[in-house]
file final27.txt (compact mmCIF, C-alpha atoms)
# COMPACT_ATOMS: atom_id res chain seq x y z
CA MET A 1446 37.64 141.72 58.03
CA ALA A 1447 35.20 143.13 60.60
CA GLY A 1448 37.63 142.28 63.41
CA ASN A 1449 40.45 144.10 61.62
CA SER A 1450 38.42 147.27 61.07
CA ILE A 1451 37.23 147.29 64.69
CA LEU A 1452 40.82 146.76 65.82
CA ALA A 1453 42.04 149.60 63.60
CA ILE A 1454 39.43 151.96 65.07
CA LEU A 1455 40.28 150.97 68.64
CA CYS A 1456 44.01 151.38 68.00
CA LYS A 1457 43.33 154.89 66.67
CA ILE A 1458 41.45 155.67 69.89
CA HIS A 1459 44.50 154.49 71.83
CA PRO A 1460 47.35 155.71 69.57
CA ARG A 1461 50.13 154.66 71.95
CA MET A 1462 48.90 151.09 71.91
CA ARG A 1463 50.26 148.88 69.16
CA ARG A 1464 48.07 146.18 67.63
CA ARG A 1465 49.90 143.35 69.40
CA ASN A 1466 49.74 145.08 72.79
CA PHE A 1467 46.08 145.84 72.25
CA LEU A 1468 45.41 142.18 71.44
CA LYS A 1469 47.22 141.07 74.58
CA LYS A 1470 45.30 143.54 76.74
CA ALA A 1471 41.99 142.72 75.07
CA GLY A 1472 42.76 139.02 75.27
CA GLY A 1473 42.11 138.51 71.58
CA ALA A 1474 38.38 139.08 72.11
CA VAL A 1475 38.11 141.67 69.34
CA VAL A 1476 39.75 139.39 66.80
CA VAL A 1477 37.76 136.34 67.88
CA SER A 1478 34.48 138.22 67.90
CA GLY A 1479 35.25 139.55 64.43
CA ILE A 1480 36.10 136.08 63.16
CA PHE A 1481 33.30 134.11 64.74
CA SER A 1482 30.25 136.31 65.30
CA ARG A 1483 29.98 137.60 61.72
CA VAL A 1484 27.45 140.25 62.69
CA ALA A 1485 26.45 142.55 59.84
CA LEU A 1486 23.87 145.28 59.40
CA SER A 1487 21.44 144.77 56.55
CA LYS A 1488 19.82 147.58 54.57
CA ASP A 1489 16.98 147.79 57.10
CA LYS A 1490 19.48 148.00 59.99
CA GLU A 1491 18.51 144.64 61.52
CA MET A 1492 21.31 142.48 62.81
CA LYS A 1493 21.85 139.18 61.04
CA ASN A 1494 24.11 136.45 62.38
CA GLY A 1495 25.31 133.51 60.31
CA ASN A 1496 23.70 130.33 61.56
CA LEU A 1497 23.34 131.19 65.27
CA LYS A 1498 19.65 131.37 66.12
CA GLN A 1499 18.04 133.46 68.85
CA GLY A 1500 18.67 131.89 72.27
CA GLU A 1501 21.55 129.68 71.10
CA VAL A 1502 24.97 130.01 72.72
CA GLN A 1503 28.26 129.81 70.84
CA HIS A 1504 31.02 128.77 73.22
CA MET A 1505 34.60 129.33 72.14
CA VAL A 1506 37.91 128.93 73.83
CA ILE A 1507 41.26 129.87 72.36
CA PHE A 1508 44.35 128.50 74.05
CA ASN A 1509 48.02 127.63 74.04
CA LEU A 1510 49.66 124.31 74.75
CA PRO A 1511 53.19 123.81 76.11
CA TYR A 1512 54.13 121.70 73.08
CA PRO A 1513 55.74 122.84 69.83
CA LYS A 1514 53.08 124.18 67.47
CA GLY A 1515 51.70 121.36 65.32
CA SER A 1516 53.52 118.67 67.32
CA ASP A 1517 52.16 115.16 67.82
CA GLN A 1518 51.30 116.05 71.44
CA ALA A 1519 49.35 119.13 70.35
CA MET A 1520 47.49 117.20 67.64
CA LYS A 1521 46.67 114.45 70.16
CA PHE A 1522 45.21 117.05 72.55
CA LEU A 1523 43.03 118.49 69.76
CA LYS A 1524 41.88 115.05 68.60
CA ASP A 1525 41.14 113.87 72.14
CA GLY A 1526 39.29 117.11 72.92
CA THR A 1527 37.25 116.74 69.74
CA ARG A 1528 36.42 113.10 70.46
CA ILE A 1529 35.50 113.64 74.14
CA LEU A 1530 33.71 116.99 74.00
CA SER A 1531 31.78 116.44 70.76
CA ALA A 1532 30.35 113.21 72.22
CA ILE A 1533 28.50 115.15 74.93
CA PRO A 1534 24.85 115.04 73.75
CA VAL A 1535 24.10 118.79 74.05
CA VAL A 1536 27.16 119.82 71.97
CA ARG A 1537 26.48 120.86 68.37
CA ASP A 1538 28.75 122.02 65.57
CA PHE A 1539 31.99 121.24 67.41
CA GLN A 1540 35.14 122.46 65.69
CA ALA A 1541 38.83 122.47 66.60
CA PHE A 1542 41.10 125.12 65.09
CA LYS A 1543 44.77 125.96 64.56
CA GLN A 1544 45.62 129.67 64.59
CA VAL A 1545 47.00 131.06 61.34
CA SER A 1546 47.16 134.78 62.12
CA ALA A 1547 50.28 136.46 63.48
CA LYS A 1548 47.94 139.01 65.11
CA ASN A 1549 46.87 136.58 67.82
CA ASP A 1550 49.13 134.91 70.36
CA TYR A 1551 46.82 131.93 70.94
CA GLN A 1552 47.67 128.77 68.97
CA TYR A 1553 44.46 126.69 69.00
CA GLY A 1554 40.72 126.92 69.53
CA PHE A 1555 37.56 124.93 70.19
CA SER A 1556 34.12 126.18 69.17
CA MET A 1557 30.69 124.66 69.74
CA VAL A 1558 27.03 125.66 69.81
CA PHE A 1559 24.34 124.97 72.40
CA THR A 1560 20.60 125.25 71.85
CA ASN A 1561 20.25 127.44 74.96
CA ARG A 1562 21.91 128.44 78.23
CA GLU A 1563 20.50 125.38 79.98
CA ASP A 1564 22.32 123.09 77.53
CA TYR A 1565 25.49 125.13 78.04
CA SER A 1566 25.17 124.60 81.79
CA THR A 1567 24.54 120.88 81.22
CA TYR A 1568 27.77 120.74 79.17
CA ASN A 1569 29.78 122.50 81.88
CA ASN A 1570 28.59 120.00 84.49
CA HIS A 1571 28.72 116.89 82.29
CA PRO A 1572 31.11 114.23 83.70
CA ALA A 1573 33.03 113.97 80.40
CA HIS A 1574 33.66 117.73 80.35
CA VAL A 1575 34.58 117.87 84.04
CA SER A 1576 36.98 114.95 83.56
CA PHE A 1577 38.56 116.48 80.44
CA VAL A 1578 39.12 119.76 82.26
CA LYS A 1579 40.64 118.05 85.30
CA ASP A 1580 42.72 115.39 83.53
CA ARG A 1581 43.85 117.23 80.42
CA TRP A 1582 42.98 120.95 80.29
CA GLU A 1583 44.37 121.97 83.69
CA LYS A 1584 47.55 119.96 83.09
CA GLU A 1585 48.24 120.86 79.47
CA VAL A 1586 46.79 124.27 78.64
CA SER A 1587 49.21 127.07 79.48
CA GLU A 1588 46.83 129.99 78.87
CA PHE A 1589 43.38 130.51 77.42
CA LEU A 1590 40.52 132.88 76.75
CA GLU A 1591 36.92 131.69 76.95
CA ILE A 1592 34.23 133.55 75.04
CA ASP A 1593 30.50 132.84 74.97
CA PHE A 1594 28.12 134.60 72.59
CA GLU A 1595 24.39 134.84 72.00
CA THR A 1596 22.65 136.60 69.13
CA PRO A 1597 21.78 140.17 70.15
CA ALA A 1598 18.08 140.66 70.82

call {"tool": "encode", "arguments": {"input": "final27.txt", "output": "structure tokens"}}
result
Amino acid sequence: MAGNSILAILCKIHPRMRRRNFLKKAGGAVVVSGIFSRVALSKDKEMKNGNLKQGEVQHMVIFNLPYPKGSDQAMKFLKDGTRILSAIPVVRDFQAFKQVSAKNDYQYGFSMVFTNREDYSTYNNHPAHVSFVKDRWEKEVSEFLEIDFETPA
């Protein structure tokens, strides 16, 4: 809901911009941040974030594949990505997603958590990740948006 209310406010600021055009121009970041960060103000105005602890990094990527939505090829990509990427030792809480909202043009997503930026860097340079990107991602993903969050200080 937070993503929708932020989007509504931003669309009012830019009245000529429709929701769908705004999402395309913003790359879906507002919707994804509303869905995943779950930041809320408590009574004492301190920020509280779900399970993400100070210093941890939540890495998310939303993407499209050139296959029909829900096809065997798409499901194979998601299963292979889950198997390969979740096996990297520094990856925690790996999840693969299918998009259900008509407000977002991306079809699928991966999300994972790292203990710190060093672990995130280790992941990016890990041979399994590098190989997956070269052998599968670059060949099969038609467009994507990568988003990385930390808990605000």

call {"tool": "residues_around", "arguments": {"input": "final27.txt", "residues": "segment 1512-1524 of chain A", "least_positions_apart": "3", "cutoff": "7 Å", "atoms": "only C-alpha atoms", "output": "PyMOL selection string"}}
result
chain A and resi 1527-1528+1541

call {"tool": "write_last_selection", "arguments": {"input": "final27.txt", "atoms": "C-alpha atoms", "output": "compact mmCIF listing (two decimals), in the frame of the given file"}}
result
# COMPACT_ATOMS: atom_id res chain seq x y z
CA THR A 1527 37.25 116.74 69.74
CA ARG A 1528 36.42 113.10 70.46
CA ALA A 1541 38.83 122.47 66.60

call {"tool": "atom_distance", "arguments": {"input": "final27.txt", "atom1": "atom CA of Met1557 of chain A", "atom2": "atom CA of Ser1587 of chain A"}}
result
21.1 Å

call {"tool": "residues_around", "arguments": {"input": "final27.txt", "residues": "Phe1508 of chain A", "least_positions_apart": "6", "cutoff": "12 Å", "atoms": "only C-alpha atoms", "output": "NGL selection string"}}
result
:A and (1472-1473 or 1477 or 1514 or 1519 or 1522-1523 or 1541-1544 or 1549-1556 or 1582-1583 or 1585-1592)

call {"tool": "atom_distance", "arguments": {"input": "final27.txt", "atom1": "atom CA of Arg1562 of chain A", "atom2": "atom CA of Phe1594 of chain A"}}
result
10.4 Å
